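Step one of this worksheet: look at the structure below.
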Amino acid sequence: MRRRRINWNKTKAQVIINEQHHLLPEQTMLLNKEFGYNHWELRLVPAEGWNKKEMLKIANSIIDINEIVFVSPVPLLLAITCNKGNIPYLFFNPNREKKELPNGKVIFTVPKEGWKLLYVN
């Protein structure tokens, strides 16, 4: 499977969101209020996900970006606990299963097997 190359714009806030999800109108309004209209951009996570190697590469490429918004409640909890000195571990599964719904829509889901427990240092 060929992966898309990600070019990060270091002058705009980067909003990381799964490509199968969308921002709600209130979220868009809050982004415009915080960063200014046209001063943020979406970075779509492929439905099939990123593997650990790709995530490490992405993490290294965004070090110089000041504002990164994750459209998920989990990163906030992770950031708070890490700042308090907790020892973070994460479950990670880079695999995705492609499923076709009865209406013909194709979705990707995380399989029940293939998990890894990673220490985040």
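By order in the structure tokens, chains are A, B, ...; within a chain, residues start at 1; ligands start at 1, following the order shown.
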Could you list, as a VMD selection string, every residue within 12 Å of His21 of chain A, counting only C-alpha atoms and ignoring same-chain residues fewer than 6 positions away? chain A and resid 42 to 47 71 to 72 107 to 108
Enumerate, as a PyMOL selection string, the complete set of residues in chain A that a backbone-based DSSP assignment places in strand (DSSP E). chain A and resi 13-18+40-45+68-70+89-92+97-100+106-109+116-119
Those residues with C-alpha atoms, as a compact mmCIF listing (two decimals), in the first residue's frame please?
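Below is the file out-v9.txt, written as the result:
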```txt
# COMPACT_ATOMS: atom_id res chain seq x y z
CA ALA A 13 -1.73 25.53 13.27
CA GLN A 14 -2.07 21.87 12.30
CA VAL A 15 -5.35 20.12 13.11
CA ILE A 16 -4.92 16.35 13.11
CA ILE A 17 -8.12 14.40 12.47
CA ASN A 18 -9.08 11.01 11.07
CA TRP A 40 -4.92 26.58 10.46
CA GLU A 41 -5.22 23.52 8.27
CA LEU A 42 -6.42 19.96 8.55
CA ARG A 43 -3.98 17.07 8.51
CA LEU A 44 -5.94 13.94 7.77
CA VAL A 45 -4.98 10.65 9.35
CA ILE A 68 -0.96 21.23 16.99
CA VAL A 69 -4.59 20.35 17.67
CA PHE A 70 -5.66 16.72 18.05
CA TYR A 89 2.11 3.41 28.24
CA LEU A 90 -0.13 3.23 25.19
CA PHE A 91 -1.92 0.42 23.45
CA PHE A 92 -1.09 0.64 19.76
CA GLU A 97 -9.56 -4.07 8.72
CA LYS A 98 -11.44 -2.88 5.68
CA LYS A 99 -15.20 -3.48 5.96
CA GLU A 100 -18.02 -2.73 3.59
CA VAL A 106 -16.27 1.29 3.13
CA ILE A 107 -14.87 1.81 6.62
CA PHE A 108 -11.70 0.77 8.42
CA THR A 109 -11.82 -0.67 11.93
CA LYS A 116 1.28 -3.75 21.26
CA LEU A 117 1.81 -2.06 24.63
CA LEU A 118 4.29 0.77 24.11
CA TYR A 119 6.16 2.75 26.74
```
Write out as number ranges by chain the set of residues from chain A that DSSP, computed on the backbone, places in alpha helix (DSSP H). A: 25-35, 52-61, 74-83
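Counting from atom CA of Asn66 of chain A, the distance to atom CA of Lys52 of chain A is 22.6 Å.
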Lys105 of chain A proximity check over A:Thr81, A:Thr11, A:Gly36, A:Gln20, using only C-alpha atoms: winner is A:Gln20
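Distances to Glu19 of chain A were evaluated for A:Glu48, A:Lys57, A:Leu31, A:Leu78 using only C-alpha atoms, and the minimum falls at A:Glu48.
The gap separating atom CA of Pro75 of chain A from atom CA of Glu54 of chain A is 18.1 Å, in Å to one decimal.
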